[in-house]
file structure27.cif (mmCIF, C-alpha atoms)
data_coords
#
loop_
_atom_site.label_atom_id
_atom_site.label_comp_id
_atom_site.auth_asym_id
_atom_site.auth_seq_id
_atom_site.Cartn_x
_atom_site.Cartn_y
_atom_site.Cartn_z
CA MET A 1 -136.31 -98.66 100.79
CA ASN A 2 -138.64 -96.29 102.60
CA THR A 3 -138.70 -98.39 105.76
CA ARG A 4 -135.03 -97.91 106.51
CA TYR A 5 -134.20 -96.36 109.85
CA THR A 6 -133.13 -92.72 109.87
CA LEU A 7 -131.34 -90.48 112.35
CA PRO A 8 -133.94 -88.41 114.22
CA GLU A 9 -133.22 -84.69 114.29
CA LEU A 10 -132.09 -83.25 117.59
CA PRO A 11 -135.04 -81.24 118.96
CA TYR A 12 -132.64 -78.40 119.95
CA ALA A 13 -129.32 -76.90 118.89
CA PHE A 14 -125.99 -78.64 119.61
CA ASN A 15 -125.11 -75.89 122.11
CA ALA A 16 -128.51 -75.81 123.81
CA LEU A 17 -127.43 -77.94 126.76
CA GLU A 18 -124.29 -75.96 127.61
CA PRO A 19 -122.61 -75.76 130.06
CA TYR A 20 -123.82 -79.17 131.22
CA ILE A 21 -123.28 -80.99 127.92
CA ASP A 22 -121.04 -79.15 125.43
CA ALA A 23 -121.84 -78.52 121.77
CA LYS A 24 -118.92 -80.58 120.41
CA THR A 25 -120.00 -83.59 122.45
CA MET A 26 -123.58 -83.27 121.18
CA GLU A 27 -122.46 -82.85 117.59
CA ILE A 28 -120.30 -85.99 117.62
CA HIS A 29 -122.64 -87.98 119.84
CA HIS A 30 -125.65 -87.35 117.62
CA GLY A 31 -124.05 -86.88 114.21
CA LYS A 32 -121.39 -89.59 114.42
CA HIS A 33 -122.15 -92.17 117.11
CA HIS A 34 -125.94 -92.27 116.71
CA GLN A 35 -125.62 -92.05 112.92
CA ALA A 36 -123.25 -95.04 112.94
CA TYR A 37 -125.77 -97.13 114.91
CA VAL A 38 -128.44 -96.25 112.35
CA ASN A 39 -126.17 -97.12 109.42
CA ASN A 40 -125.03 -100.41 110.95
CA LEU A 41 -128.60 -101.37 111.86
CA ASN A 42 -129.80 -100.74 108.31
CA ALA A 43 -126.88 -102.63 106.80
CA ALA A 44 -127.64 -105.67 109.00
CA LEU A 45 -131.38 -105.65 108.28
CA GLU A 46 -130.72 -105.43 104.54
CA LYS A 47 -129.67 -109.07 104.83
CA HIS A 48 -133.19 -109.92 106.05
CA PRO A 49 -135.26 -107.02 104.68
CA GLY A 50 -138.55 -108.48 105.91
CA LEU A 51 -137.43 -107.45 109.40
CA PHE A 52 -137.80 -103.77 108.47
CA GLU A 53 -141.53 -104.39 108.94
CA THR A 54 -141.12 -105.54 112.56
CA PRO A 55 -140.93 -102.70 115.09
CA LEU A 56 -137.42 -102.45 116.51
CA GLU A 57 -138.91 -102.65 120.02
CA ASN A 58 -140.32 -106.08 119.23
CA LEU A 59 -136.99 -107.30 117.82
CA LEU A 60 -135.07 -106.18 120.91
CA GLY A 61 -137.77 -107.57 123.22
CA ASN A 62 -137.31 -110.97 121.58
CA LEU A 63 -133.70 -111.37 120.48
CA ASP A 64 -134.26 -115.02 119.60
CA SER A 65 -136.56 -113.89 116.79
CA ILE A 66 -133.59 -112.25 115.04
CA PRO A 67 -131.64 -114.48 112.63
CA GLU A 68 -128.40 -115.52 114.24
CA ASP A 69 -126.17 -114.01 111.56
CA ILE A 70 -127.32 -110.49 112.42
CA ARG A 71 -128.48 -110.93 116.04
CA THR A 72 -125.51 -109.32 117.77
CA VAL A 73 -125.32 -106.46 115.28
CA VAL A 74 -129.04 -105.70 115.72
CA ARG A 75 -128.78 -106.01 119.49
CA ASN A 76 -125.87 -103.54 119.58
CA ASN A 77 -126.90 -101.11 116.88
CA GLY A 78 -130.68 -101.39 117.21
CA GLY A 79 -130.22 -100.88 120.93
CA GLY A 80 -127.95 -97.93 120.21
CA HIS A 81 -130.54 -96.37 117.92
CA LEU A 82 -133.46 -96.85 120.32
CA ASN A 83 -131.53 -95.77 123.42
CA HIS A 84 -130.22 -92.60 121.85
CA SER A 85 -133.58 -91.74 120.24
CA MET A 86 -135.10 -91.70 123.73
CA PHE A 87 -132.13 -89.94 125.30
CA TRP A 88 -132.34 -86.85 123.06
CA LYS A 89 -136.01 -86.48 124.00
CA ILE A 90 -135.75 -86.76 127.75
CA ILE A 91 -133.18 -83.96 127.93
CA GLY A 92 -133.51 -80.35 126.83
CA PRO A 93 -132.53 -76.76 127.51
CA GLY A 94 -133.95 -74.94 130.55
CA MET A 95 -135.07 -78.16 132.19
CA GLY A 96 -134.17 -79.91 135.43
CA GLY A 97 -136.03 -79.65 138.71
CA ALA A 98 -138.26 -82.50 139.76
CA PRO A 99 -141.23 -84.31 138.27
CA ALA A 100 -144.79 -83.49 139.33
CA GLY A 101 -148.06 -85.37 139.50
CA LEU A 102 -148.32 -89.12 139.12
CA LEU A 103 -144.64 -89.77 138.36
CA HIS A 104 -143.55 -87.80 141.41
CA ASP A 105 -146.01 -89.61 143.65
CA ASP A 106 -145.06 -93.04 142.32
CA LEU A 107 -141.32 -92.31 142.62
CA VAL A 108 -141.89 -91.40 146.26
CA ARG A 109 -143.93 -94.56 146.75
CA ALA A 110 -141.26 -96.74 145.12
CA PHE A 111 -138.11 -95.17 146.58
CA GLY A 112 -139.26 -93.38 149.75
CA SER A 113 -138.52 -89.91 148.37
CA PHE A 114 -137.44 -88.20 145.17
CA GLU A 115 -134.00 -87.70 146.71
CA ASN A 116 -133.70 -91.42 147.39
CA PHE A 117 -134.58 -92.14 143.79
CA VAL A 118 -131.89 -89.70 142.63
CA ALA A 119 -129.33 -91.34 144.92
CA GLU A 120 -130.20 -94.82 143.71
CA PHE A 121 -130.09 -93.77 140.04
CA GLU A 122 -126.73 -92.04 140.53
CA LYS A 123 -125.37 -95.18 142.16
CA ALA A 124 -126.50 -97.33 139.23
CA ALA A 125 -124.94 -94.89 136.75
CA ALA A 126 -121.64 -94.68 138.63
CA ALA A 127 -121.37 -98.42 139.26
CA ARG A 128 -121.90 -99.51 135.64
CA PHE A 129 -118.39 -100.74 134.79
CA GLY A 130 -117.38 -99.95 131.22
CA SER A 131 -119.88 -98.72 128.66
CA GLY A 132 -123.60 -98.71 129.33
CA TRP A 133 -126.74 -96.97 130.52
CA ALA A 134 -128.55 -96.29 133.78
CA TRP A 135 -132.33 -96.57 133.58
CA LEU A 136 -135.63 -95.83 135.21
CA SER A 137 -137.95 -98.49 133.80
CA VAL A 138 -141.40 -99.89 134.37
CA ASP A 139 -141.78 -103.64 134.93
CA ALA A 140 -144.64 -105.83 133.70
CA GLN A 141 -146.64 -105.04 136.86
CA GLY A 142 -146.24 -101.30 136.36
CA LYS A 143 -143.64 -100.92 139.12
CA LEU A 144 -140.82 -98.38 138.76
CA VAL A 145 -137.30 -99.86 138.86
CA VAL A 146 -133.80 -98.39 138.69
CA HIS A 147 -131.22 -100.55 136.93
CA SER A 148 -128.38 -100.43 134.42
CA THR A 149 -127.44 -102.27 131.25
CA ALA A 150 -124.11 -102.94 129.55
CA ASN A 151 -123.11 -101.41 126.22
CA GLN A 152 -126.26 -100.67 124.18
CA ASP A 153 -128.44 -103.38 125.69
CA SER A 154 -132.05 -102.23 125.96
CA PRO A 155 -134.19 -102.74 129.07
CA LEU A 156 -136.68 -104.31 126.62
CA MET A 157 -134.33 -107.33 126.53
CA GLU A 158 -135.18 -107.85 130.22
CA GLY A 159 -138.92 -107.31 129.79
CA LEU A 160 -138.69 -103.78 131.18
CA THR A 161 -140.02 -100.61 129.52
CA PRO A 162 -137.53 -97.74 129.81
CA ILE A 163 -138.98 -94.28 130.51
CA PHE A 164 -135.73 -92.48 131.35
CA GLY A 165 -132.09 -93.31 130.69
CA LEU A 166 -128.62 -91.86 131.13
CA ASP A 167 -125.85 -92.72 128.69
CA VAL A 168 -122.65 -93.49 130.62
CA TRP A 169 -120.52 -94.50 127.66
CA GLU A 170 -117.38 -92.39 127.90
CA HIS A 171 -118.25 -90.78 124.55
CA ALA A 172 -121.24 -89.15 126.28
CA TYR A 173 -119.08 -87.10 128.61
CA TYR A 174 -115.34 -87.49 128.02
CA LEU A 175 -114.66 -84.21 126.18
CA SER A 176 -116.13 -82.18 129.07
CA TYR A 177 -115.66 -84.37 132.12
CA GLN A 178 -112.89 -86.90 131.25
CA ASN A 179 -112.66 -89.38 134.13
CA ARG A 180 -115.14 -87.45 136.29
CA ARG A 181 -118.25 -89.46 135.47
CA ALA A 182 -119.79 -88.48 138.82
CA ASP A 183 -119.76 -84.79 137.82
CA TYR A 184 -121.48 -85.59 134.53
CA ILE A 185 -124.16 -87.57 136.36
CA LYS A 186 -124.79 -84.59 138.68
CA ALA A 187 -124.98 -82.17 135.75
CA PHE A 188 -127.42 -84.43 133.91
CA TRP A 189 -130.21 -83.58 136.40
CA LYS A 190 -130.05 -79.95 135.14
CA VAL A 191 -131.21 -80.96 131.65
CA VAL A 192 -133.84 -83.63 132.37
CA ASP A 193 -137.19 -82.93 130.71
CA TRP A 194 -139.52 -84.33 133.37
CA ASN A 195 -142.62 -83.58 131.29
CA GLN A 196 -141.34 -86.00 128.65
CA VAL A 197 -140.43 -88.60 131.29
CA SER A 198 -143.93 -88.26 132.78
CA ALA A 199 -145.44 -88.74 129.33
CA ASN A 200 -143.26 -91.84 128.83
CA TYR A 201 -144.43 -93.16 132.20
CA THR A 202 -148.12 -92.60 131.44
CA GLY A 203 -147.67 -94.23 128.05
CA ALA A 204 -146.00 -97.28 129.58
CA LEU A 205 -148.73 -97.63 132.23
CA ASP A 206 -151.51 -97.22 129.66
CA ALA A 207 -149.98 -99.94 127.54
CA ILE A 208 -149.84 -102.30 130.53
CA LYS A 209 -153.40 -101.41 131.61
CA SER A 210 -154.85 -102.02 128.18
CA GLY A 211 -153.26 -105.46 128.26
CA CYS A 212 -151.22 -104.54 125.25
CA GLU A 213 -148.31 -106.92 124.90
CA ASP A 214 -146.29 -104.21 123.27
CA ALA A 215 -145.87 -102.28 126.48
CA TYR A 216 -143.50 -99.99 124.64
CA SER A 217 -145.86 -98.25 122.27
CA GLY A 218 -145.85 -95.17 124.52
CA PRO A 219 -144.85 -91.71 123.37
CA ALA A 220 -141.20 -92.35 124.09
CA PHE A 221 -140.98 -94.57 121.07
CA ARG A 222 -143.58 -93.25 118.68
CA LYS A 223 -141.20 -90.99 116.85
CA VAL A 224 -138.51 -93.60 116.30
CA SER A 225 -138.47 -94.19 112.59
CA MET B 1 -96.37 -107.10 147.94
CA SER B 2 -98.21 -103.84 147.75
CA ILE B 3 -99.97 -102.63 144.65
CA THR B 4 -98.82 -99.22 143.44
CA LEU B 5 -99.12 -97.17 140.28
CA PRO B 6 -96.03 -97.77 138.15
CA ASP B 7 -94.43 -94.77 136.44
CA LEU B 8 -95.01 -94.45 132.72
CA PRO B 9 -91.97 -95.91 130.90
CA TYR B 10 -91.65 -92.57 129.01
CA GLY B 11 -92.64 -88.93 129.38
CA ARG B 12 -96.26 -87.93 129.08
CA ASP B 13 -95.57 -86.16 125.79
CA ALA B 14 -93.42 -88.97 124.34
CA LEU B 15 -96.21 -90.40 122.19
CA GLU B 16 -97.32 -87.07 120.69
CA PRO B 17 -98.92 -86.41 118.29
CA TYR B 18 -100.43 -89.90 118.13
CA ILE B 19 -101.45 -90.00 121.79
CA SER B 20 -101.48 -86.60 123.44
CA ALA B 21 -99.89 -85.69 126.76
CA ARG B 22 -103.37 -84.73 127.97
CA THR B 23 -104.71 -88.20 127.20
CA LEU B 24 -101.81 -89.83 129.06
CA GLU B 25 -102.25 -87.41 131.96
CA PHE B 26 -105.81 -88.63 132.48
CA HIS B 27 -105.29 -92.19 131.35
CA HIS B 28 -102.29 -92.87 133.58
CA GLY B 29 -102.75 -90.27 136.30
CA LYS B 30 -106.52 -90.67 136.80
CA HIS B 31 -107.87 -93.89 135.29
CA HIS B 32 -104.92 -96.18 136.02
CA GLN B 33 -104.47 -94.54 139.42
CA ALA B 34 -108.16 -95.05 140.25
CA TYR B 35 -107.92 -98.78 139.50
CA VAL B 36 -104.88 -98.98 141.82
CA THR B 37 -106.61 -97.00 144.58
CA ASN B 38 -109.81 -99.06 144.31
CA LEU B 39 -107.93 -102.35 144.31
CA VAL B 40 -105.84 -101.46 147.36
CA LYS B 41 -109.04 -100.53 149.20
CA LEU B 42 -110.85 -103.71 148.14
CA ILE B 43 -108.11 -106.15 149.17
CA ALA B 44 -107.12 -104.42 152.41
CA GLY B 45 -107.37 -106.87 155.29
CA THR B 46 -108.08 -109.84 153.02
CA GLU B 47 -105.93 -112.83 152.05
CA MET B 48 -105.23 -111.02 148.79
CA GLU B 49 -103.56 -108.05 150.44
CA ASN B 50 -100.09 -109.48 149.94
CA MET B 51 -100.64 -111.46 146.78
CA ALA B 52 -98.97 -110.69 143.47
CA LEU B 53 -101.21 -108.79 141.03
CA GLU B 54 -101.22 -111.66 138.51
CA ASP B 55 -102.35 -114.07 141.20
CA ILE B 56 -105.20 -111.78 142.23
CA VAL B 57 -106.34 -111.58 138.60
CA ARG B 58 -106.22 -115.37 138.19
CA LYS B 59 -107.85 -116.04 141.54
CA CYS B 60 -110.84 -113.74 140.92
CA ALA B 61 -111.35 -114.57 137.24
CA GLY B 62 -114.83 -115.88 136.59
CA ASP B 63 -115.91 -115.41 140.24
CA THR B 64 -118.90 -113.05 140.07
CA SER B 65 -118.76 -112.47 143.82
CA LYS B 66 -115.31 -110.93 143.27
CA ALA B 67 -116.13 -108.91 140.15
CA GLY B 68 -115.10 -105.62 141.75
CA ILE B 69 -111.66 -106.93 142.71
CA PHE B 70 -111.22 -108.64 139.34
CA ASN B 71 -112.17 -105.52 137.37
CA ASN B 72 -109.75 -103.29 139.22
CA ALA B 73 -106.91 -105.82 139.43
CA ALA B 74 -107.17 -106.74 135.76
CA GLN B 75 -107.32 -103.07 134.76
CA VAL B 76 -104.19 -102.31 136.81
CA TRP B 77 -102.40 -105.15 135.02
CA ASN B 78 -103.80 -104.32 131.56
CA HIS B 79 -102.72 -100.69 131.71
CA THR B 80 -99.20 -101.42 132.92
CA PHE B 81 -98.87 -103.91 130.08
CA TYR B 82 -100.32 -101.43 127.56
CA TRP B 83 -97.83 -98.69 128.52
CA ASN B 84 -94.99 -101.13 127.93
CA CYS B 85 -96.35 -102.11 124.53
CA MET B 86 -95.73 -98.57 123.23
CA LYS B 87 -92.73 -96.30 122.82
CA LYS B 88 -91.67 -93.11 121.09
CA ASN B 89 -90.81 -93.84 117.45
CA GLY B 90 -92.36 -97.26 117.69
CA GLY B 91 -94.17 -99.14 114.97
CA GLY B 92 -92.43 -101.03 112.21
CA ARG B 93 -92.09 -104.77 112.41
CA PRO B 94 -90.75 -107.37 114.80
CA SER B 95 -87.84 -109.57 113.80
CA GLY B 96 -86.51 -113.00 114.43
CA ARG B 97 -88.53 -115.61 116.26
CA LEU B 98 -91.63 -113.49 116.79
CA MET B 99 -91.82 -112.45 113.14
CA LYS B 100 -91.55 -116.09 112.14
CA LYS B 101 -94.36 -117.06 114.51
CA ILE B 102 -96.57 -114.24 113.21
CA GLU B 103 -95.92 -115.25 109.60
CA ASP B 104 -96.57 -118.90 110.35
CA SER B 105 -99.77 -118.15 112.27
CA PHE B 106 -101.34 -115.50 110.04
CA GLY B 107 -99.74 -116.03 106.64
CA GLY B 108 -97.88 -112.75 106.77
CA PHE B 109 -97.28 -109.67 108.93
CA ASP B 110 -99.77 -107.52 107.00
CA LYS B 111 -102.47 -110.12 107.51
CA PHE B 112 -101.74 -110.15 111.24
CA VAL B 113 -102.02 -106.34 111.42
CA GLU B 114 -105.26 -106.40 109.47
CA GLU B 115 -106.74 -109.04 111.75
CA MET B 116 -105.73 -107.36 114.99
CA LYS B 117 -106.93 -103.97 113.71
CA ASN B 118 -110.25 -105.58 112.93
CA ALA B 119 -110.48 -107.13 116.41
CA ALA B 120 -109.75 -103.75 118.00
CA ALA B 121 -112.26 -101.91 115.80
CA THR B 122 -115.08 -104.39 116.35
CA GLN B 123 -114.80 -104.79 120.12
CA PHE B 124 -118.21 -103.30 120.94
CA GLY B 125 -118.07 -100.99 123.94
CA SER B 126 -115.09 -100.87 126.28
CA GLY B 127 -112.34 -103.45 126.00
CA TRP B 128 -109.01 -104.58 124.61
CA ALA B 129 -107.52 -106.42 121.65
CA TRP B 130 -104.60 -108.81 122.22
CA LEU B 131 -101.89 -110.83 120.57
CA VAL B 132 -101.48 -113.99 122.65
CA LEU B 133 -99.16 -116.94 122.73
CA ASP B 134 -101.13 -120.08 122.02
CA GLY B 135 -98.88 -123.13 122.13
CA ASP B 136 -96.51 -122.94 119.17
CA ARG B 137 -98.54 -120.24 117.48
CA VAL B 138 -99.75 -116.74 118.19
CA GLY B 139 -103.39 -115.69 118.03
CA ILE B 140 -105.65 -112.68 118.37
CA GLU B 141 -108.32 -112.10 121.00
CA LYS B 142 -110.59 -109.29 122.00
CA THR B 143 -111.93 -108.89 125.52
CA SER B 144 -114.66 -106.80 127.09
CA ASN B 145 -114.10 -104.22 129.85
CA ALA B 146 -111.34 -105.53 132.20
CA ASP B 147 -111.14 -109.09 130.93
CA ASN B 148 -107.74 -110.28 129.68
CA PRO B 149 -105.89 -113.40 128.43
CA LEU B 150 -104.33 -113.94 131.86
CA ALA B 151 -107.80 -114.65 133.24
CA HIS B 152 -108.15 -117.46 130.69
CA GLY B 153 -104.74 -119.03 131.22
CA ARG B 154 -103.10 -117.52 128.15
CA ARG B 155 -100.03 -115.35 127.82
CA ALA B 156 -100.42 -111.85 126.40
CA LEU B 157 -97.77 -110.53 124.03
CA LEU B 158 -99.29 -107.23 122.87
CA THR B 159 -102.38 -105.18 123.64
CA ILE B 160 -104.25 -102.11 122.52
CA ASP B 161 -106.74 -100.40 124.83
CA VAL B 162 -110.00 -99.56 123.04
CA TRP B 163 -111.88 -98.09 125.97
CA GLU B 164 -113.01 -94.71 124.67
CA HIS B 165 -110.93 -92.95 127.34
CA ALA B 166 -107.80 -94.23 125.57
CA TYR B 167 -108.45 -92.15 122.47
CA TYR B 168 -111.48 -89.88 122.81
CA LEU B 169 -109.65 -86.60 123.50
CA ASP B 170 -107.46 -87.16 120.43
CA TYR B 171 -109.68 -89.07 117.99
CA GLN B 172 -113.29 -88.90 119.31
CA ASN B 173 -115.41 -91.42 117.37
CA ARG B 174 -112.56 -92.23 114.95
CA ARG B 175 -111.33 -95.36 116.69
CA PRO B 176 -109.83 -96.80 113.46
CA ASP B 177 -107.48 -93.78 113.18
CA TYR B 178 -106.20 -94.40 116.72
CA ILE B 179 -105.71 -98.09 115.94
CA ALA B 180 -103.79 -97.27 112.75
CA ALA B 181 -101.53 -94.83 114.60
CA PHE B 182 -100.88 -97.44 117.29
CA PHE B 183 -99.60 -99.98 114.76
CA GLU B 184 -97.76 -97.58 112.49
CA LYS B 185 -96.13 -95.30 115.07
CA LEU B 186 -96.29 -96.69 118.60
CA VAL B 187 -95.90 -100.45 119.01
CA ASN B 188 -92.78 -101.36 120.99
CA TRP B 189 -91.81 -104.59 119.24
CA ASP B 190 -88.64 -104.90 121.36
CA TYR B 191 -90.82 -105.28 124.42
CA VAL B 192 -93.14 -107.75 122.72
CA GLU B 193 -90.15 -109.85 121.61
CA SER B 194 -88.76 -109.80 125.14
CA LEU B 195 -91.88 -111.67 126.25
CA MET B 196 -91.30 -114.61 123.93
#

call {"tool": "encode", "arguments": {"input": "structure27.cif", "output": "structure tokens"}}
result
Amino acid sequence: MNTRYTLPELPYAFNALEPYIDAKTMEIHHGKHHQAYVNNLNAALEKHPGLFETPLENLLGNLDSIPEDIRTVVRNNGGGHLNHSMFWKIIGPGMGGAPAGLLHDDLVRAFGSFENFVAEFEKAAAARFGSGWAWLSVDAQGKLVVHSTANQDSPLMEGLTPIFGLDVWEHAYYLSYQNRRADYIKAFWKVVDWNQVSANYTGALDAIKSGCEDAYSGPAFRKVS
Amino acid sequence: MSITLPDLPYGRDALEPYISARTLEFHHGKHHQAYVTNLVKLIAGTEMENMALEDIVRKCAGDTSKAGIFNNAAQVWNHTFYWNCMKKNGGGRPSGRLMKKIEDSFGGFDKFVEEMKNAAATQFGSGWAWLVLDGDRVGIEKTSNADNPLAHGRRALLTIDVWEHAYYLDYQNRRPDYIAAFFEKLVNWDYVESLM
């Protein structure tokens, strides 16, 4: 079936994010973990193939619309697919620094300063007990919020549009950092692609402004297939 | 009664090659230690300071205002229990009363292993799989993050840790290989039987 989900290619080499994220971690994270989410998602949707026509974002934004027999599998593996698809795009080699323009200004407005935002995000990432993600999302009013979710839960499940996320499952960092999650969180800032995050932010705001109910049709998600 | 990190009941390299010394170094020396350190800090100066660990776990279970204490207390307990559930040259089968209970409850030892392996493999995200005593029978549970049978008034007989930190250095994404090694080479059935 041509509508099955596929693993997106990494937009850079496995070793491109060294020394912050090592090549072996990237290879397993992308090629094994993300691939498994894609496979499990497809296998679940095969039981209700009509759902291949519904954008994954809509399914996760309305879990009750998913038949009960596959709801948890789609929540976990659809979330895993969507979260990782965004994650690969908001990091890259030779990145880091700070955002500019509108995103910078709005982060300062929302958190007092860019440094305050960083501190709040780091706190959310460190405090997530067990597996999960830390997020910068946009709420229905267009306000920037920092939060975290458990396991592979998507911010879409809470009516929030993610524009930036950090994977704090141990598989994201254990080979390089073991128990030192805080060091991984610090290193993450060196690989953030703020241009992509800014584009995600503009896309989310545009969707809200145009009254589009699918506030997640921004560039962050367009390439998810 | 003060909460401290118990020694491993064997050397760090005792479970090689199924669980590496490096894994145990981090798992016991860093993760388990951190839960102990956090818990001691969180209960200092409170009514829980001198309570037994099991009582702290039971007291805070289901109380969202005490989630931090519960998570650390339960993880201290879970890890101590997990270390005891393994030994060098473990694996095999239980005997006597426990074997009879397993056969009565699951229809055979192999069926029990299959079911507990499945629980451990399908626990999504961090967590644990358990064999618990349930009246006259034994049953299987899986729990998320720090949660455990103690918190639900049941008695644990055996556990396997499926947080990724338990196996990632040795098995990476291959959780089923770690689970298989646990049952075939590591389970300390003498300990499990001693709990009956």

call {"tool": "residues_around", "arguments": {"input": "structure27.cif", "residues": "segment 148-164 of chain A", "least_positions_apart": "6", "cutoff": "6 Å", "atoms": "all atoms listed in the file", "output": "VMD selection string"}}
result
(chain A and resid 60 to 61 76 79 to 80 131 to 139 197 200 to 201) or (chain B and resid 125)

call {"tool": "closest_atom_pairs", "arguments": {"input": "structure27.cif", "of": "chain A", "to": "chain B", "cutoff": "8 Å", "atoms": "only C-alpha atoms", "output": "Markdown table"}}
result
| residue | atom | partner | partner_atom | distance |
| --- | --- | --- | --- | --- |
| A:Ile28 | CA | B:Asn173 | CA | 7.3 |
| A:Lys32 | CA | B:Asn173 | CA | 6.9 |
| A:His33 | CA | B:Asn173 | CA | 6.8 |
| A:Asn76 | CA | B:Phe124 | CA | 7.8 |
| A:Phe129 | CA | B:Asn145 | CA | 7.4 |
| A:Gly130 | CA | B:Ser126 | CA | 5.5 |
| A:Ser131 | CA | B:Gly125 | CA | 5.5 |
| A:Asn151 | CA | B:Gly125 | CA | 5.5 |
| A:Trp169 | CA | B:Gly125 | CA | 7.9 |
| A:Glu170 | CA | B:Glu164 | CA | 5.9 |
| A:His171 | CA | B:Glu164 | CA | 6.6 |
| A:Tyr174 | CA | B:Tyr168 | CA | 6.9 |
| A:Leu175 | CA | B:Leu169 | CA | 6.2 |
| A:Gln178 | CA | B:Phe26 | CA | 7.4 |
| A:Asn179 | CA | B:His31 | CA | 6.7 |

call {"tool": "resolve_selection", "arguments": {"input": "structure27.cif", "expression": "the PyMOL selection byres ((chain A and resi 100-110) around 9)", "output": "VMD selection string"}}
result
chain A and resid 98 to 99 111 to 117 143 to 145 194 to 195 197 to 198 201 to 202

call {"tool": "write_last_selection", "arguments": {"input": "structure27.cif", "atoms": "C-alpha atoms", "output": "short mmCIF file (atom, residue, chain, number, x, y, z; two decimals), in the coordinates of the input"}}
result
data_model
loop_
_atom_site.label_atom_id
_atom_site.label_comp_id
_atom_site.auth_asym_id
_atom_site.auth_seq_id
_atom_site.Cartn_x
_atom_site.Cartn_y
_atom_site.Cartn_z
CA ALA A 98 -138.26 -82.50 139.76
CA PRO A 99 -141.23 -84.31 138.27
CA PHE A 111 -138.11 -95.17 146.58
CA GLY A 112 -139.26 -93.38 149.75
CA SER A 113 -138.52 -89.91 148.37
CA PHE A 114 -137.44 -88.20 145.17
CA GLU A 115 -134.00 -87.70 146.71
CA ASN A 116 -133.70 -91.42 147.39
CA PHE A 117 -134.58 -92.14 143.79
CA LYS A 143 -143.64 -100.92 139.12
CA LEU A 144 -140.82 -98.38 138.76
CA VAL A 145 -137.30 -99.86 138.86
CA TRP A 194 -139.52 -84.33 133.37
CA ASN A 195 -142.62 -83.58 131.29
CA VAL A 197 -140.43 -88.60 131.29
CA SER A 198 -143.93 -88.26 132.78
CA TYR A 201 -144.43 -93.16 132.20
CA THR A 202 -148.12 -92.60 131.44
#

call {"tool": "resolve_selection", "arguments": {"input": "structure27.cif", "expression": "the PyMOL selection byres ((chain B and resi 79-88) around 9)", "output": "short mmCIF file (atom, residue, chain, number, x, y, z; two decimals) with C-alpha atoms, in the frame of the given file"}}
result
data_model
loop_
_atom_site.label_atom_id
_atom_site.label_comp_id
_atom_site.auth_asym_id
_atom_site.auth_seq_id
_atom_site.Cartn_x
_atom_site.Cartn_y
_atom_site.Cartn_z
CA LEU B 5 -99.12 -97.17 140.28
CA PRO B 6 -96.03 -97.77 138.15
CA ASP B 7 -94.43 -94.77 136.44
CA LEU B 8 -95.01 -94.45 132.72
CA PRO B 9 -91.97 -95.91 130.90
CA TYR B 10 -91.65 -92.57 129.01
CA ALA B 14 -93.42 -88.97 124.34
CA LEU B 15 -96.21 -90.40 122.19
CA GLU B 16 -97.32 -87.07 120.69
CA HIS B 27 -105.29 -92.19 131.35
CA HIS B 28 -102.29 -92.87 133.58
CA HIS B 32 -104.92 -96.18 136.02
CA ALA B 74 -107.17 -106.74 135.76
CA GLN B 75 -107.32 -103.07 134.76
CA VAL B 76 -104.19 -102.31 136.81
CA TRP B 77 -102.40 -105.15 135.02
CA ASN B 78 -103.80 -104.32 131.56
CA ASN B 89 -90.81 -93.84 117.45
CA GLY B 90 -92.36 -97.26 117.69
CA GLY B 91 -94.17 -99.14 114.97
CA ALA B 156 -100.42 -111.85 126.40
CA LEU B 157 -97.77 -110.53 124.03
CA LEU B 158 -99.29 -107.23 122.87
CA THR B 159 -102.38 -105.18 123.64
CA ILE B 160 -104.25 -102.11 122.52
CA ASP B 161 -106.74 -100.40 124.83
CA PHE B 182 -100.88 -97.44 117.29
CA LYS B 185 -96.13 -95.30 115.07
CA LEU B 186 -96.29 -96.69 118.60
CA VAL B 187 -95.90 -100.45 119.01
CA ASN B 188 -92.78 -101.36 120.99
CA TRP B 189 -91.81 -104.59 119.24
CA ASP B 190 -88.64 -104.90 121.36
CA TYR B 191 -90.82 -105.28 124.42
CA VAL B 192 -93.14 -107.75 122.72
#

call {"tool": "atom_distance", "arguments": {"input": "structure27.cif", "atom1": "atom CA of Glu53 of chain A", "atom2": "atom CA of Met86 of chain A"}}
result
20.5 Å

call {"tool": "atom_distance", "arguments": {"input": "structure27.cif", "atom1": "atom CA of Gly94 of chain A", "atom2": "atom CA of Gly165 of chain A"}}
result
18.5 Å

call {"tool": "residues_around", "arguments": {"input": "structure27.cif", "residues": "Glu9 of chain A", "least_positions_apart": "5", "cutoff": "12 Å", "atoms": "only C-alpha atoms", "output": "number ranges by chain"}}
result
A: 14, 26-27, 30-31, 34-35, 84-86, 88-89, 223-225

call {"tool": "resolve_selection", "arguments": {"input": "structure27.cif", "expression": "the PyMOL selection byres ((chain B and resi 57-59) around 6)", "output": "list in words"}}
result
Glu54, Asp55, Ile56, Cys60, Ala61, Phe70, Ala73, Ala74 and Ala151 of chain B
